[in-house]
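S.K.: If you scroll down you'll find the structure; I have some questions about it.
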Amino acid sequence: MEFLTNHSSTVNSTTVIGAIKALDYVSLKSAVHSLWQQTPWWQIVAITLAIVVAYDQIAYQIYKGSIAGPRFKVWPVIGPFLESLDPKFEEYQSKWASGPLSCVSIFHKFVVIASTRDLARKIFQSPKYVKPCVVDVAVKILRPSNWVFMDGKEHSEYRKGLNGLFTKSSLELYLPDQEKIMDKYINLFADMTKDEPSVFFPVFREVMCAISLKTFCGDYITNAQIKEIADNYYLITAALELVNFPIIIPYTKTWYGKKIADMTMKVFEGCAQMAKDHIDAGGKPKCVMDAWVKVMKEARDSKDKQSLDAKILIREFSNKEISEAVFTFLFASQDASSSLCCWLFQIVADRPDVLKKIREEQLRIRNGNPYEPLTGKLIDEMKYTNMVVRETLRYRPPVLMVPHVVKEAYPVSENYTIPKGAMVVPTLYPALHDPEAYENPDEFVPERWEEGSPAWAATKNWLVFGTGVHRCLGQTYVLMTFTAFIGKAAMFLDFDHKVTELSEQIKVFATIFPKDDVIMQFRRRDPTVVE
Ligand code: HEM
């Protein structure tokens, strides 16, 4: 009975509240309607804008909490959008110096920048909370099915299958084809600057693209295809600028970028089929595609499939899948390798003592024969040349920062939690210029990489290639290829760098480059002598 009473009283009060609500709604609706009719349009626009700006400022204050960053968003809503169109290295540096964690907000995006070694490492090693992110349009250019967009277990399984393509023993197989391209460009450098110096930024980009394409596709890719891809690759970099329109509109940067990416992947598909035919016919692997196809074949032929540790390789990959993955290798390597190439040639040219030591070493390990073909063993003996490459990577790390997206609220420090959906950017440069790890960090000193030295001991600071589950797949490749390339170039060419007031200044274009684009002249020399 009591239940019934209570029940009926509930029904009654609900009915009454419902009636009041209905009344309220009707009167509220008519009040809003008459207010709408009485208010001039410009006042409505002004009020809406004020609400948006106030919401944006309040959200910024809440997200910012105690970390460093502008007190208010000086430019409402857009934030420092205009500065981000033309990023300046010095502005990045002052941001890193402003605090271990600092922030900016551009449009709706809240970005947290981590500038200490330990915070950067922590972020790289927190796949539970973060994953690497690329600009929106990258998904369209690289295609959504691409492995680089995988996360968690799916990513690590796939990655296991790729690691073997870039081990030292695999890389040794690719050396003969790589050396052909190195020789070709060493000659070209001398020919093209016979009469006067030239700007080398575009030339170094072309060399890097050509070496990568030869490594990935061997002789399946023709010289004409290499030339076409190398000539047009900059359209892909331009399409993937940090600030870009996410929808692909015909004849815009992103449209051209996608066109070149599709064309390149089409070429790779054809190469993948040729690699399959070659390996099926019992051929030896000579390039990355061959190596991949060979492991697939081994898995197919293996009686004991479980004994293969990379289970992912047991399945067959289509030509399209291979082409998409190989495209990501090109994409990941092209800008960073071009940056390293520019700085390496400039730095060596500006330091005749370093150039001389490289030559001495190259001739010594080849027993005086500069034409000795490249092998893994020979590159292992290039200790000093390797130290020069390593020090260039430390002194001018191509990748300054690696943007990540926060998957769930991330307590990155005792006092600060990064909100879900924000971007967090671990930076690499400060760790690589940390005076505690590297004495006089702003000086170029290859000798700091002598075996057993403090620089070697500071493994935690070596963030050139990132760390954790997404660490660079190509790091051994980079050290081997560049050591071999600068070693050969030093023997066969005299380097002359035209130093300008911009040579040591840093330009940010995806990675970093000398601001004057490296003006150089090369002359052929007798490779059998040091002086
Ligand atoms: C100087 C040259 C290079 C530098 C400085 C560099 C640097 C980096 C960095 C900082 C990352 C992000 C790592 C992380 O999130 O922890 C990365 C990722 C990657 N790099 Fe490199 N890289 C270089 C060349 C290459 C080359 C030559 C290749 C391929 C042959 C390559 C393939 C990749 C791939 C596939 C990833 C993504 C790995 C994943 O998500 O699992 N990189 N690289």
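If you're wondering about the labels, chains in the structure tokens are A, B, ... by order shown, residues count from 1 in each chain, ligands from 1 in order shown.
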Within 8 Å of ligand 1 (counting only C-alpha atoms and all ligand atoms), which residues show up? I'd like them as a PyMOL selection string.

M.R.: chain A and resi 124+132+148+155-156+159+166+212+328-340+393+397-402+428+463-475+477-478

S.K.: Contacts of A:Gly218 at 8 Å or less, counting only C-alpha atoms, minus same-chain residues fewer than 4 places along, as a list in words?

M.R.: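 Near A:Gly218, the qualifying residues are Tyr174, Asp177, Leu213, Lys214, Lys286, Cys287 and Val288 of chain A.
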
S.K.: Hey, can you spit out that residue selection with C-alpha atoms as a PDB file, in the first residue's frame?

M.R.:
```
ATOM      1  CA  TYR A 174      72.366  -4.237 -50.890  1.00  0.00           C
ATOM      2  CA  ASP A 177      73.765  -1.732 -56.010  1.00  0.00           C
ATOM      3  CA  LEU A 213      65.289   3.580 -54.405  1.00  0.00           C
ATOM      4  CA  LYS A 214      68.202   1.411 -55.503  1.00  0.00           C
ATOM      5  CA  LYS A 286      70.092  -8.048 -53.811  1.00  0.00           C
ATOM      6  CA  CYS A 287      67.637  -5.441 -52.552  1.00  0.00           C
ATOM      7  CA  VAL A 288      65.069  -4.903 -49.764  1.00  0.00           C
TER       8      VAL A 288
END
```

S.K.: Which of stretch 202-413 of chain A counts as strand (DSSP E) under DSSP, as a PyMOL selection string please?

M.R.: chain A and resi 404-406+410-411

S.K.: I need the residues of stretch 107-263 of chain A that end up classed as alpha helix (DSSP H) by DSSP on the backbone, written out as a ChimeraX atom specification.

M.R.: /A:117-124,136-142,152-163,168-192,201-217,223-239,253-263

S.K.: Please write the residues from the selection above to a file, keeping C-alpha atoms, as a JSON list (two decimals), in the first residue's frame.

M.R.:
```json
[["chain", "number", "residue", "atom", "x", "y", "z"],
["A", 117, "ARG", "CA", 65.89, 14.00, -22.08],
["A", 118, "ASP", "CA", 63.98, 12.05, -19.45],
["A", 119, "LEU", "CA", 60.56, 13.43, -20.36],
["A", 120, "ALA", "CA", 61.26, 12.84, -24.06],
["A", 121, "ARG", "CA", 62.26, 9.22, -23.35],
["A", 122, "LYS", "CA", 59.26, 8.70, -21.13],
["A", 123, "ILE", "CA", 56.89, 9.84, -23.88],
["A", 124, "PHE", "CA", 58.57, 7.70, -26.55],
["A", 136, "ASP", "CA", 45.84, 14.67, -41.39],
["A", 137, "VAL", "CA", 46.52, 14.54, -45.08],
["A", 138, "ALA", "CA", 49.23, 11.87, -44.62],
["A", 139, "VAL", "CA", 46.55, 9.22, -44.21],
["A", 140, "LYS", "CA", 45.27, 10.06, -47.69],
["A", 141, "ILE", "CA", 48.71, 10.18, -49.26],
["A", 142, "LEU", "CA", 50.13, 7.06, -47.58],
["A", 152, "GLY", "CA", 49.88, -1.53, -30.27],
["A", 153, "LYS", "CA", 50.16, -5.27, -30.90],
["A", 154, "GLU", "CA", 49.22, -5.00, -34.57],
["A", 155, "HIS", "CA", 52.11, -2.56, -35.13],
["A", 156, "SER", "CA", 54.70, -4.58, -33.22],
["A", 157, "GLU", "CA", 53.72, -7.80, -35.03],
["A", 158, "TYR", "CA", 54.04, -6.12, -38.41],
["A", 159, "ARG", "CA", 57.26, -4.39, -37.43],
["A", 160, "LYS", "CA", 58.84, -7.71, -36.37],
["A", 161, "GLY", "CA", 58.54, -8.80, -39.97],
["A", 162, "LEU", "CA", 60.33, -5.69, -41.26],
["A", 163, "ASN", "CA", 63.24, -5.53, -38.78],
["A", 168, "LYS", "CA", 73.65, -5.50, -40.88],
["A", 169, "SER", "CA", 73.72, -8.84, -42.70],
["A", 170, "SER", "CA", 70.79, -7.84, -44.95],
["A", 171, "LEU", "CA", 72.27, -4.40, -45.59],
["A", 172, "GLU", "CA", 75.50, -6.03, -46.82],
["A", 173, "LEU", "CA", 73.50, -7.64, -49.64],
["A", 174, "TYR", "CA", 72.37, -4.24, -50.89],
["A", 175, "LEU", "CA", 75.85, -2.65, -50.96],
["A", 176, "PRO", "CA", 76.85, -3.47, -54.58],
["A", 177, "ASP", "CA", 73.76, -1.73, -56.01],
["A", 178, "GLN", "CA", 74.17, 1.19, -53.61],
["A", 179, "GLU", "CA", 77.79, 1.61, -54.62],
["A", 180, "LYS", "CA", 76.79, 1.97, -58.29],
["A", 181, "ILE", "CA", 74.65, 4.99, -57.40],
["A", 182, "MET", "CA", 77.33, 6.49, -55.13],
["A", 183, "ASP", "CA", 79.90, 6.27, -57.97],
["A", 184, "LYS", "CA", 77.47, 7.81, -60.43],
["A", 185, "TYR", "CA", 76.79, 10.84, -58.21],
["A", 186, "ILE", "CA", 80.41, 11.34, -57.17],
["A", 187, "ASN", "CA", 81.20, 11.77, -60.88],
["A", 188, "LEU", "CA", 78.17, 13.98, -61.39],
["A", 189, "PHE", "CA", 79.18, 16.30, -58.50],
["A", 190, "ALA", "CA", 82.48, 16.96, -60.27],
["A", 191, "ASP", "CA", 80.90, 17.36, -63.72],
["A", 192, "MET", "CA", 78.17, 19.74, -62.62],
["A", 201, "PHE", "CA", 70.40, 21.15, -51.41],
["A", 202, "PRO", "CA", 68.33, 19.80, -54.36],
["A", 203, "VAL", "CA", 71.22, 17.64, -55.61],
["A", 204, "PHE", "CA", 71.73, 15.99, -52.22],
["A", 205, "ARG", "CA", 68.00, 15.33, -52.01],
["A", 206, "GLU", "CA", 68.15, 13.65, -55.42],
["A", 207, "VAL", "CA", 71.16, 11.48, -54.40],
["A", 208, "MET", "CA", 69.39, 10.36, -51.24],
["A", 209, "CYS", "CA", 66.27, 9.44, -53.15],
["A", 210, "ALA", "CA", 68.30, 7.54, -55.75],
["A", 211, "ILE", "CA", 70.31, 5.58, -53.14],
["A", 212, "SER", "CA", 67.12, 4.67, -51.25],
["A", 213, "LEU", "CA", 65.29, 3.58, -54.40],
["A", 214, "LYS", "CA", 68.20, 1.41, -55.50],
["A", 215, "THR", "CA", 68.43, -0.13, -52.02],
["A", 216, "PHE", "CA", 64.73, -0.89, -51.90],
["A", 217, "CYS", "CA", 64.12, -1.96, -55.51],
["A", 223, "ASN", "CA", 67.19, 4.92, -64.15],
["A", 224, "ALA", "CA", 64.37, 6.87, -65.79],
["A", 225, "GLN", "CA", 61.97, 5.89, -62.98],
["A", 226, "ILE", "CA", 64.57, 6.85, -60.35],
["A", 227, "LYS", "CA", 65.03, 10.22, -62.03],
["A", 228, "GLU", "CA", 61.28, 10.87, -62.26],
["A", 229, "ILE", "CA", 60.65, 9.98, -58.59],
["A", 230, "ALA", "CA", 63.73, 11.87, -57.34],
["A", 231, "ASP", "CA", 62.79, 14.96, -59.37],
["A", 232, "ASN", "CA", 59.24, 15.00, -58.03],
["A", 233, "TYR", "CA", 59.65, 13.80, -54.45],
["A", 234, "TYR", "CA", 59.73, 17.35, -53.07],
["A", 235, "LEU", "CA", 56.02, 17.60, -54.02],
["A", 236, "ILE", "CA", 55.31, 14.91, -51.41],
["A", 237, "THR", "CA", 57.26, 16.79, -48.71],
["A", 238, "ALA", "CA", 55.41, 19.98, -49.62],
["A", 239, "ALA", "CA", 52.05, 18.18, -49.44],
["A", 253, "LYS", "CA", 49.99, 20.95, -53.10],
["A", 254, "THR", "CA", 48.25, 17.93, -51.58],
["A", 255, "TRP", "CA", 46.82, 16.90, -54.96],
["A", 256, "TYR", "CA", 50.26, 16.96, -56.59],
["A", 257, "GLY", "CA", 51.73, 15.13, -53.59],
["A", 258, "LYS", "CA", 49.16, 12.34, -53.83],
["A", 259, "LYS", "CA", 49.67, 12.05, -57.59],
["A", 260, "ILE", "CA", 53.42, 11.50, -57.14],
["A", 261, "ALA", "CA", 52.89, 9.10, -54.22],
["A", 262, "ASP", "CA", 50.44, 7.01, -56.29],
["A", 263, "MET", "CA", 52.77, 7.01, -59.25]]
```

S.K.: What's around stretch 515-524 of chain A at 8 Å? Count only C-alpha atoms, leave out sequence neighbours fewer than 4 positions away in its own chain, and write the answer as a compact mmCIF listing (two decimals) with C-alpha atoms, in the first residue's frame.

M.R.:
```txt
# COMPACT_ATOMS: atom_id res chain seq x y z
CA ASN A 187 81.20 11.77 -60.88
CA PHE A 189 79.18 16.30 -58.50
CA ALA A 190 82.48 16.96 -60.27
CA THR A 193 80.53 22.10 -60.76
CA LYS A 194 83.41 21.99 -63.26
CA GLU A 196 81.47 27.18 -60.87
CA PRO A 197 79.95 26.26 -57.51
CA SER A 198 76.35 25.18 -57.32
CA VAL A 199 73.55 24.98 -54.74
CA PHE A 200 73.59 21.39 -53.49
CA PHE A 201 70.40 21.15 -51.41
CA CYS A 342 73.75 18.49 -46.47
CA GLN A 346 79.30 21.07 -45.46
CA PHE A 492 87.69 10.82 -55.17
CA LEU A 493 86.80 14.52 -54.75
CA ASP A 494 88.19 17.77 -53.44
CA PHE A 495 85.49 19.61 -51.50
CA ASP A 496 85.04 23.37 -51.62
CA HIS A 497 82.22 24.91 -49.59
CA LYS A 498 81.34 28.54 -50.21
CA VAL A 499 80.80 29.78 -46.66
CA THR A 500 78.11 32.46 -46.35
CA LEU A 502 73.74 31.79 -43.53
CA SER A 503 75.76 28.54 -43.72
CA GLU A 504 75.67 27.86 -39.98
CA GLN A 505 72.10 29.08 -39.53
CA ILE A 506 69.40 26.43 -39.34
CA LYS A 507 66.40 26.36 -41.68
```

S.K.: As a list in words, please: the residues near stretch 408-417 of chain A (cut-off 10 Å, only C-alpha atoms, same-chain neighbours under 4 positions excluded).

M.R.: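 Surrounding residues, per the criterion: Tyr63, Lys64, Gly65, Ser66, Ile67, Leu101, Ala114, Leu119, Lys122, Ile123, Ser126, Lys128, Tyr129, Val130, Gly421, Ala422 and Val424 of chain A.
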
S.K.: Mind writing the picked residues with N, CA and C atoms as a PDB file, in the first residue's frame?

M.R.:
```pdb
ATOM      1  N   TYR A  63      43.651  23.524 -19.700  1.00  0.00           N
ATOM      2  CA  TYR A  63      44.631  22.549 -20.219  1.00  0.00           C
ATOM      3  C   TYR A  63      46.053  22.921 -19.793  1.00  0.00           C
ATOM      4  N   LYS A  64      46.344  24.220 -19.811  1.00  0.00           N
ATOM      5  CA  LYS A  64      47.720  24.671 -19.541  1.00  0.00           C
ATOM      6  C   LYS A  64      48.157  24.340 -18.121  1.00  0.00           C
ATOM      7  N   GLY A  65      47.252  24.520 -17.184  1.00  0.00           N
ATOM      8  CA  GLY A  65      47.595  24.254 -15.786  1.00  0.00           C
ATOM      9  C   GLY A  65      48.858  24.980 -15.386  1.00  0.00           C
ATOM     10  N   SER A  66      49.821  24.233 -14.807  1.00  0.00           N
ATOM     11  CA  SER A  66      51.005  24.892 -14.255  1.00  0.00           C
ATOM     12  C   SER A  66      52.188  24.933 -15.216  1.00  0.00           C
ATOM     13  N   ILE A  67      52.055  24.406 -16.421  1.00  0.00           N
ATOM     14  CA  ILE A  67      53.255  24.331 -17.272  1.00  0.00           C
ATOM     15  C   ILE A  67      53.509  25.649 -17.999  1.00  0.00           C
ATOM     16  N   LEU A 101      58.251  21.233 -19.549  1.00  0.00           N
ATOM     17  CA  LEU A 101      57.013  21.051 -20.304  1.00  0.00           C
ATOM     18  C   LEU A 101      56.492  22.438 -20.634  1.00  0.00           C
ATOM     19  N   ALA A 114      57.801  18.610 -24.745  1.00  0.00           N
ATOM     20  CA  ALA A 114      58.656  18.092 -23.660  1.00  0.00           C
ATOM     21  C   ALA A 114      60.100  18.273 -24.079  1.00  0.00           C
ATOM     22  N   LEU A 119      61.977  13.335 -19.956  1.00  0.00           N
ATOM     23  CA  LEU A 119      60.564  13.433 -20.362  1.00  0.00           C
ATOM     24  C   LEU A 119      60.388  12.936 -21.803  1.00  0.00           C
ATOM     25  N   LYS A 122      60.465   9.236 -21.752  1.00  0.00           N
ATOM     26  CA  LYS A 122      59.258   8.702 -21.126  1.00  0.00           C
ATOM     27  C   LYS A 122      58.103   8.673 -22.142  1.00  0.00           C
ATOM     28  N   ILE A 123      57.998   9.758 -22.907  1.00  0.00           N
ATOM     29  CA  ILE A 123      56.891   9.838 -23.876  1.00  0.00           C
ATOM     30  C   ILE A 123      57.075   8.795 -24.984  1.00  0.00           C
ATOM     31  N   SER A 126      55.885   5.365 -23.886  1.00  0.00           N
ATOM     32  CA  SER A 126      54.559   5.209 -23.281  1.00  0.00           C
ATOM     33  C   SER A 126      53.505   4.891 -24.342  1.00  0.00           C
ATOM     34  N   LYS A 128      51.125   3.082 -24.278  1.00  0.00           N
ATOM     35  CA  LYS A 128      49.763   2.954 -23.726  1.00  0.00           C
ATOM     36  C   LYS A 128      49.013   4.292 -23.855  1.00  0.00           C
ATOM     37  N   TYR A 129      49.751   5.378 -23.693  1.00  0.00           N
ATOM     38  CA  TYR A 129      49.106   6.701 -23.686  1.00  0.00           C
ATOM     39  C   TYR A 129      49.214   7.462 -25.006  1.00  0.00           C
ATOM     40  N   VAL A 130      50.300   7.205 -25.745  1.00  0.00           N
ATOM     41  CA  VAL A 130      50.520   8.031 -26.941  1.00  0.00           C
ATOM     42  C   VAL A 130      50.811   7.171 -28.164  1.00  0.00           C
ATOM     43  N   GLY A 421      43.499  13.606 -26.441  1.00  0.00           N
ATOM     44  CA  GLY A 421      43.256  14.317 -27.707  1.00  0.00           C
ATOM     45  C   GLY A 421      44.283  15.402 -27.975  1.00  0.00           C
ATOM     46  N   ALA A 422      45.084  15.777 -26.942  1.00  0.00           N
ATOM     47  CA  ALA A 422      46.115  16.800 -27.165  1.00  0.00           C
ATOM     48  C   ALA A 422      47.259  16.172 -27.964  1.00  0.00           C
ATOM     49  N   VAL A 424      51.439  15.723 -28.023  1.00  0.00           N
ATOM     50  CA  VAL A 424      52.612  15.873 -27.164  1.00  0.00           C
ATOM     51  C   VAL A 424      53.849  15.613 -28.028  1.00  0.00           C
TER      52      VAL A 424
END
```

S.K.: Taking only residues of stretch 297-415 of chain A that have an atom at most 7 Å from an atom of stretch 440-459 of chain A, what is each one's shortest atom pair and its distance in Å to one decimal, using only C-alpha atoms, in chain and number order, as a Markdown table?

M.R.:
```
| residue | atom | partner | partner_atom | distance |
| --- | --- | --- | --- | --- |
| A:Met387 | CA | A:Pro446 | CA | 5.2 |
| A:Val388 | CA | A:Pro446 | CA | 5.0 |
| A:Glu391 | CA | A:Pro446 | CA | 5.4 |
| A:Tyr395 | CA | A:Phe444 | CA | 6.4 |
```

S.K.: Write the residues you've just listed into a file as a compact mmCIF listing (two decimals), in the first residue's frame, and include N, CA and C atoms for each of them.

M.R.:
```
# COMPACT_ATOMS: atom_id res chain seq x y z
N MET A 387 82.77 7.90 -36.92
CA MET A 387 82.66 8.88 -35.82
C MET A 387 82.23 10.25 -36.36
N VAL A 388 82.69 10.57 -37.59
CA VAL A 388 82.31 11.84 -38.20
C VAL A 388 80.79 11.85 -38.49
N GLU A 391 78.91 12.07 -35.15
CA GLU A 391 78.98 13.40 -34.55
C GLU A 391 78.12 14.40 -35.33
N TYR A 395 75.41 16.67 -33.63
CA TYR A 395 75.59 18.13 -33.72
C TYR A 395 74.41 18.79 -34.46
```

S.K.: Find the residues around A:Tyr55 up to 12 Å (only C-alpha atoms counted), leave out those fewer than 5 positions away in its own chain, and share them as a list in words.

M.R.: Thr48, Leu49, Ala50, Tyr60, Gln61, Ile62, Lys73, Pro76, Val77 and His108 of chain A

S.K.: Give the answer as one residue: which of A:Gly69, A:Pro80, A:Pro250, A:Pro87 has the shortest atom-to-atom distance to A:Val508, using only C-alpha atoms?

M.R.: A:Pro87
